[in-house]
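Structure file work-v2.txt; described as compact mmCIF, C-alpha atoms and all ligand atoms.
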# COMPACT_ATOMS: atom_id res chain seq x y z
CA MET A 28 60.99 170.72 40.10
CA LYS A 29 57.93 170.28 42.28
CA THR A 30 54.75 172.17 41.55
CA PRO A 31 52.37 172.77 44.49
CA ALA A 32 49.94 170.31 42.87
CA ALA A 33 52.57 167.56 42.77
CA VAL A 34 53.47 168.19 46.41
CA CYS A 35 49.81 168.02 47.25
CA LEU A 36 49.42 164.73 45.37
CA ILE A 37 52.43 163.19 47.11
CA PHE A 38 51.00 164.26 50.45
CA LEU A 39 47.62 162.73 49.65
CA LEU A 40 49.22 159.51 48.43
CA SER A 41 51.30 159.14 51.57
CA VAL A 42 48.23 159.71 53.76
CA ILE A 43 46.42 156.97 51.84
CA LEU A 44 49.42 154.60 52.05
CA LEU A 45 49.88 155.20 55.77
CA LYS A 46 46.21 154.61 56.44
CA GLY A 47 46.34 151.44 54.35
CA SER A 48 49.39 150.08 56.15
CA HIS A 49 47.75 150.20 59.58
CA ALA A 50 44.10 149.26 59.53
CA GLU A 51 44.02 149.81 63.28
CA PRO A 52 46.57 152.43 64.34
CA TYR A 53 48.13 152.08 67.78
CA GLU A 54 50.57 154.03 69.90
CA TYR A 55 52.65 151.46 71.75
CA LEU A 56 53.09 147.71 72.35
CA GLN A 57 52.42 145.75 75.50
CA PHE A 58 54.78 142.81 75.97
CA VAL A 59 52.62 140.54 78.10
CA LEU A 60 54.39 137.85 80.14
CA GLN A 61 52.25 135.22 81.75
CA TYR A 62 52.99 133.42 85.00
CA SER A 63 51.14 130.21 84.17
CA LYS A 64 51.21 128.84 87.70
CA GLY A 65 49.20 131.90 88.74
CA TYR A 66 47.05 132.11 85.62
CA CYS A 67 46.12 128.40 85.93
CA TYR A 68 45.77 128.38 89.73
CA ASN A 69 42.49 126.75 90.84
CA THR A 70 41.46 125.96 87.27
CA GLN A 71 41.32 122.67 85.40
CA ILE A 72 42.04 124.16 81.97
CA CYS A 73 45.84 123.84 82.03
CA PHE A 74 48.40 121.05 81.70
CA ALA A 75 49.62 119.49 84.95
CA ARG A 76 53.24 120.52 84.29
CA LEU A 77 53.66 124.25 83.93
CA PRO A 78 56.80 126.26 83.16
CA LYS A 79 58.70 127.42 86.24
CA MET A 80 59.14 130.85 84.66
CA PHE A 81 57.30 133.62 82.85
CA THR A 82 56.37 132.92 79.24
CA ILE A 83 54.85 135.11 76.56
CA HIS A 84 51.10 135.60 76.44
CA GLY A 85 51.27 138.07 73.60
CA VAL A 86 52.48 141.36 72.18
CA TRP A 87 49.49 143.66 72.16
CA PRO A 88 49.03 147.02 70.44
CA ALA A 89 47.71 149.70 72.79
CA ASN A 90 46.86 153.37 73.00
CA ILE A 91 47.66 155.60 75.94
CA SER A 92 44.01 156.45 76.54
CA ASN A 93 42.61 153.17 75.23
CA PRO A 94 44.84 150.28 76.29
CA LEU A 95 43.35 147.57 74.09
CA VAL A 96 43.35 148.03 70.35
CA ARG A 97 41.51 145.21 68.59
CA CYS A 98 42.81 144.12 65.18
CA LYS A 99 39.49 143.50 63.47
CA GLN A 100 40.37 144.72 59.95
CA SER A 101 44.08 143.81 60.16
CA LYS A 102 43.09 140.25 61.00
CA LYS A 103 41.46 139.93 57.58
CA LEU A 104 44.29 141.71 55.75
CA HIS A 105 47.12 139.85 57.48
CA GLN A 106 46.03 136.34 58.30
CA PHE A 107 48.36 134.07 60.24
CA LYS A 108 50.58 132.07 57.87
CA GLN A 109 51.79 128.77 59.25
CA ASN A 110 54.54 128.42 56.62
CA VAL A 111 56.28 131.48 58.11
CA MET A 112 56.75 129.54 61.34
CA THR A 113 59.98 127.65 60.55
CA THR A 114 61.01 124.67 62.65
CA SER A 115 63.68 126.72 64.38
CA LEU A 116 61.23 129.54 65.15
CA GLN A 117 58.72 126.99 66.47
CA ASN A 118 61.41 125.47 68.68
CA ASP A 119 62.30 128.91 70.07
CA LEU A 120 58.67 129.81 70.70
CA GLY A 121 58.07 126.40 72.27
CA GLN A 122 60.32 127.72 75.06
CA SER A 123 59.30 131.36 75.19
CA TRP A 124 55.65 131.26 74.07
CA PRO A 125 54.23 127.81 74.93
CA ASN A 126 50.53 127.09 75.09
CA VAL A 127 49.63 125.81 78.57
CA GLU A 128 45.95 125.05 78.02
CA ARG A 129 44.71 121.51 77.39
CA ALA A 130 42.25 122.59 74.71
CA LYS A 131 44.84 124.39 72.57
CA THR A 132 48.02 123.70 70.61
CA ASN A 133 51.08 125.94 70.29
CA ILE A 134 50.25 126.80 66.67
CA GLY A 135 46.62 127.43 67.61
CA PHE A 136 47.69 129.76 70.42
CA TRP A 137 50.13 131.70 68.20
CA LYS A 138 47.52 132.01 65.44
CA GLU A 139 44.90 133.29 67.88
CA GLU A 140 47.29 135.82 69.42
CA TYR A 141 48.55 136.97 66.03
CA GLU A 142 45.14 137.50 64.54
CA LYS A 143 43.68 139.15 67.64
CA HIS A 144 46.67 141.38 68.45
CA GLY A 145 49.71 140.88 66.20
CA SER A 146 48.18 141.57 62.81
CA CYS A 147 47.80 145.29 63.70
CA THR A 148 51.59 145.61 63.45
CA ALA A 149 51.70 144.31 59.84
CA PRO A 150 52.91 145.08 57.26
CA ALA A 151 55.41 147.39 59.02
CA ILE A 152 56.42 144.42 61.16
CA THR A 153 56.16 141.10 59.29
CA GLN A 154 54.66 138.05 61.00
CA LYS A 155 58.12 136.45 61.20
CA ALA A 156 59.69 139.61 62.67
CA TYR A 157 56.81 139.90 65.16
CA PHE A 158 57.43 136.43 66.60
CA GLU A 159 61.23 136.72 66.43
CA ARG A 160 61.17 140.05 68.27
CA ALA A 161 58.89 138.59 70.95
CA HIS A 162 61.34 135.72 71.48
CA GLU A 163 64.28 138.17 71.69
CA LEU A 164 62.45 140.28 74.27
CA TRP A 165 61.68 137.17 76.31
CA LYS A 166 65.37 136.30 76.45
CA GLU A 167 66.22 139.88 77.44
CA TYR A 168 63.53 140.20 80.15
CA ASP A 169 63.83 137.02 82.18
CA LEU A 170 61.36 138.02 84.88
CA TYR A 171 61.76 134.91 87.02
CA THR A 172 65.45 135.70 87.48
CA ILE A 173 64.82 139.45 87.79
CA LEU A 174 62.37 138.82 90.67
CA ASP A 175 64.63 136.17 92.22
CA LYS A 176 67.52 138.66 92.37
CA LYS A 177 65.30 140.93 94.43
CA GLN A 178 64.47 138.03 96.78
CA ILE A 179 60.96 137.63 95.36
CA LYS A 180 60.42 133.89 95.39
CA PRO A 181 57.48 131.60 94.54
CA GLY A 182 55.53 130.37 97.56
CA HIS A 183 55.37 133.78 99.23
CA SER A 184 53.27 136.93 99.03
CA TYR A 185 54.56 140.41 98.26
CA ALA A 186 53.20 143.94 97.91
CA LEU A 187 52.43 145.36 94.47
CA THR A 188 55.24 147.89 95.00
CA ASP A 189 57.73 145.04 95.61
CA PHE A 190 56.92 143.49 92.23
CA GLU A 191 57.03 146.89 90.54
CA ALA A 192 60.35 147.81 92.12
CA ALA A 193 61.89 144.49 91.07
CA VAL A 194 60.81 144.94 87.43
CA LYS A 195 62.01 148.56 87.51
CA SER A 196 65.44 147.35 88.62
CA LYS A 197 65.67 145.97 85.07
CA ILE A 198 63.69 148.48 82.97
CA GLY A 199 64.63 151.67 84.85
CA THR A 200 63.06 153.40 87.83
CA ASP A 201 61.40 155.96 85.53
CA THR A 202 59.58 153.35 83.44
CA ILE A 203 56.22 152.06 84.57
CA PRO A 204 55.50 148.31 84.23
CA LEU A 205 52.08 146.71 84.73
CA ILE A 206 51.39 143.94 87.23
CA LEU A 207 48.19 141.90 86.74
CA CYS A 208 46.44 139.61 89.22
CA LYS A 209 43.46 137.41 89.65
CA GLU A 210 41.45 137.10 92.83
CA ASP A 211 40.72 133.56 93.95
CA THR A 212 40.53 131.35 97.00
CA LEU A 213 43.99 130.51 98.24
CA THR A 214 43.13 127.32 100.12
CA THR A 215 40.67 124.63 99.03
CA GLY A 216 37.33 124.86 100.78
CA SER A 217 38.03 128.31 102.16
CA SER A 218 35.86 131.23 101.17
CA THR A 219 38.59 133.76 101.77
CA THR A 220 40.06 135.08 98.57
CA GLY A 221 43.45 136.54 97.86
CA LEU A 222 45.34 138.17 95.02
CA ILE A 223 47.42 135.92 92.80
CA LEU A 224 50.16 137.10 90.41
CA ARG A 225 49.00 136.30 86.88
CA GLU A 226 50.92 138.49 84.43
CA ILE A 227 53.59 141.16 84.17
CA VAL A 228 53.56 143.61 81.26
CA ILE A 229 56.50 145.65 79.97
CA CYS A 230 55.71 148.27 77.34
CA PHE A 231 57.60 149.23 74.19
CA ASP A 232 57.24 151.84 71.49
CA HIS A 233 55.40 151.31 68.20
CA GLN A 234 58.23 149.25 66.67
CA GLY A 235 58.95 147.25 69.81
CA THR A 236 62.38 148.81 70.18
CA ASN A 237 62.46 151.23 73.13
CA LEU A 238 60.88 150.91 76.55
CA VAL A 239 57.91 153.16 77.31
CA ASN A 240 55.50 153.48 80.24
CA CYS A 241 52.56 151.12 80.46
CA THR A 242 49.35 153.12 80.86
CA ARG A 243 46.81 150.45 81.72
CA PRO A 244 45.84 150.44 85.40
CA THR A 245 46.70 147.42 87.53
CA ASP A 246 43.90 145.08 88.60
CA CYS A 247 45.83 143.91 91.68
CA LYS A 248 43.16 145.23 94.02
CA ARG A 249 40.58 143.28 96.00
CA GLN A 250 37.15 143.25 94.39
CA LYS A 251 35.55 140.29 96.14
CA SER A 252 36.48 141.00 99.72
CA THR A 253 36.72 144.04 101.92
CA THR A 254 39.93 142.88 103.54
CA LYS A 255 42.67 145.44 103.27
CA ASP A 256 45.30 142.78 102.67
CA ASN A 257 46.53 143.55 99.18
CA MET A 258 49.49 141.19 99.29
CA ILE A 259 49.99 139.28 96.05
CA TYR A 260 50.65 135.55 96.14
CA TYR A 261 53.44 134.23 93.88
CA VAL A 262 52.33 130.62 93.34
CA PRO A 263 55.05 127.96 93.83
C1 LIG B 301 44.58 154.66 68.80
O1 LIG B 301 45.34 155.81 68.53
C2 LIG B 301 45.40 156.13 67.14
C3 LIG B 301 46.38 157.27 66.94
O2 LIG B 301 46.65 157.99 68.10
C4 LIG B 301 44.00 156.44 66.64
O3 LIG B 301 44.05 156.78 65.28
C5 LIG B 301 43.12 155.22 66.86
O4 LIG B 301 41.79 155.48 66.47
C6 LIG B 301 43.14 154.80 68.31
N1 LIG B 301 42.44 153.53 68.46
C7 LIG B 301 41.57 153.27 69.43
C8 LIG B 301 40.91 151.93 69.41
O5 LIG B 301 41.31 154.08 70.31
C1 LIG B 302 57.03 157.49 82.57
O1 LIG B 302 56.38 158.00 83.71
C2 LIG B 302 57.28 158.59 84.64
C3 LIG B 302 56.50 158.91 85.90
O2 LIG B 302 55.28 159.51 85.64
C4 LIG B 302 57.92 159.82 83.98
O3 LIG B 302 58.83 160.40 84.88
C5 LIG B 302 58.65 159.35 82.73
O4 LIG B 302 59.19 160.47 82.04
C6 LIG B 302 57.72 158.60 81.79
N1 LIG B 302 58.48 158.03 80.71
C7 LIG B 302 58.11 158.14 79.44
C8 LIG B 302 58.99 157.46 78.43
O5 LIG B 302 57.11 158.75 79.09

Would you write out, as structure tokens, the structure that this file holds?
Ligand SMILES: *[C@@H]1O[C@H](CO)[C@@H](O)[C@H](O)[C@H]1NC(C)=O
Ligand SMILES: *[C@@H]1O[C@H](CO)[C@@H](O)[C@H](O)[C@H]1NC(C)=O
Amino acid sequence: MKTPAAVCLIFLLSVILLKGSHAEPYEYLQFVLQYSKGYCYNTQICFARLPKMFTIHGVWPANISNPLVRCKQSKKLHQFKQNVMTTSLQNDLGQSWPNVERAKTNIGFWKEEYEKHGSCTAPAITQKAYFERAHELWKEYDLYTILDKKQIKPGHSYALTDFEAAVKSKIGTDTIPLILCKEDTLTTGSSTTGLILREIVICFDHQGTNLVNCTRPTDCKRQKSTTKDNMIYYVP
């Protein structure tokens, strides 16, 4: 038998609990896959040998109107725990989520990503589940192969729409992915810049289960030059 007061109390309690469980609420998750050969192009910060595939940069909470949700409070509430990272999980992530920068280690990279972005998903998604899900998604969305099947191959340049169409062949023509670039000189000594493929983002719902549209705008547009050539270079 519920009195109105009891119903009211239960409602208040659940509001408090929900607020407590997500210090920084978010609407969806961005699964960010890095193309290291593009990300590292023309820099000295990366290892000499880079993966010949896309690897995870991170899984980032986002809002439709505000694409980057920072986990400032969550970071304090849900600090990265190294003991959660079992040897087998570390071996998996060594493949799917390797650090490519000289100044960092794998564990350092995972800790940084978790505290900056992942901790927002706790406690609903545990740290272990967060990393395991990311690895599962990486296996499911093998972008190198997905692009290759559409004849998009490293060493050539393609239009933004070509990259988008190739990703959509996997995620569905109605689902919007996000392609990210950097603008840099393409040949040493030249002052002419071009767009370089750096990352591809696929978006998922709050729990990381179902595909949703990405809402962040692409940066694959020329800023530094007035040339109309918006072809995107896929570094070999
Ligand atoms: C994100 O969206 C949630 C719910 O829609 C809102 O409560 C929160 O303040 C938003 N965060 C940012 C950083 O805009
Ligand atoms: C994604 O955007 C497309 C095009 O605007 C729309 O048709 C589709 O319904 C959207 N999907 C979701 C899950 O919102």

Return as number ranges by chain every polymer residue, whether protein, DNA or RNA, with at least one atom no more than 10 Å from an atom of ligand LIG 301 (chain B); count all atoms listed in the file. A: 46, 49-55, 88-98

Could you tell me, counting all atoms listed in the file, which protein and nucleic acid residues lie no more than 10 Å from ligand LIG 302 (chain B), written as a list in words? Gly199, Thr200, Asp201, Thr202, Ile203, Pro204, Cys230, Phe231, Asp232, Asn237, Leu238, Val239, Asn240, Cys241 and Thr242 of chain A

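Nearest-residue note for Lys143 (chain A): choosing from A:Leu104, A:Lys99, A:Glu128, A:Tyr171, the minimum distance belongs to A:Lys99, counting all atoms listed in the file.
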
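For the choices A:Tyr168, A:Trp124, A:Phe81, A:Tyr68, the atom-to-atom distance to Val262 (chain A) is smallest for A:Tyr68 when using all atoms listed in the file.
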
Quick one: everything within 9 Å of Met258 (chain A), counting only C-alpha atoms, minus sequence neighbours fewer than 6 positions away in the same chain. Send it as number ranges by chain. A: 184-187, 221-223, 247

Nearest to Ile229 (chain A): which of A:Leu116, A:Ala161, A:Leu213, A:Val111 is it, counting only C-alpha atoms?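 For Ile229 (chain A), the nearest of the candidates is A:Ala161.
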
Given all atoms listed in the file as the counted atoms, nearest of A:Ile227, A:Asn126, A:Cys208, A:Asn118 to Ile173 (chain A):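 Ranking A:Ile227, A:Asn126, A:Cys208, A:Asn118 by distance to Ile173 (chain A), first place goes to A:Ile227.
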
Can you tell me, as a list in words, what residues are no more than 10 Å from Tyr66 (chain A) when counting all atoms listed in the file, ignoring any on the same chain fewer than 2 positions away?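 That gives Gln61, Tyr62, Ser63, Lys64, Tyr68, Asn69, Thr70, Cys73, Val127, Leu207, Cys208, Lys209, Ile223, Leu224, Arg225, Glu226 and Val262 of chain A.
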
Report, in Å to a single decimal, how far apart CA of Val228 (chain A) and CA of Leu205 (chain A) are. 4.9 Å

Out of A:Arg249, A:Lys108, A:Lys155, A:Arg160, which residue has the shortest atom-to-atom distance to Ile134 (chain A) when counting all atoms listed in the file?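 Of A:Arg249, A:Lys108, A:Lys155, A:Arg160, the one nearest Ile134 (chain A), counting all atoms listed in the file, is A:Lys108.
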
d(CA of Leu164 (chain A), CA of Arg129 (chain A)) in Å: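 That distance, rounded to one decimal, is 26.0 Å.
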
Between CA of Pro150 (chain A) and CA of Pro244 (chain A), what distance in Å does the model show, to one decimal?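 Answer for the CA of Pro150 (chain A) to CA of Pro244 (chain A) separation: 29.5 Å.
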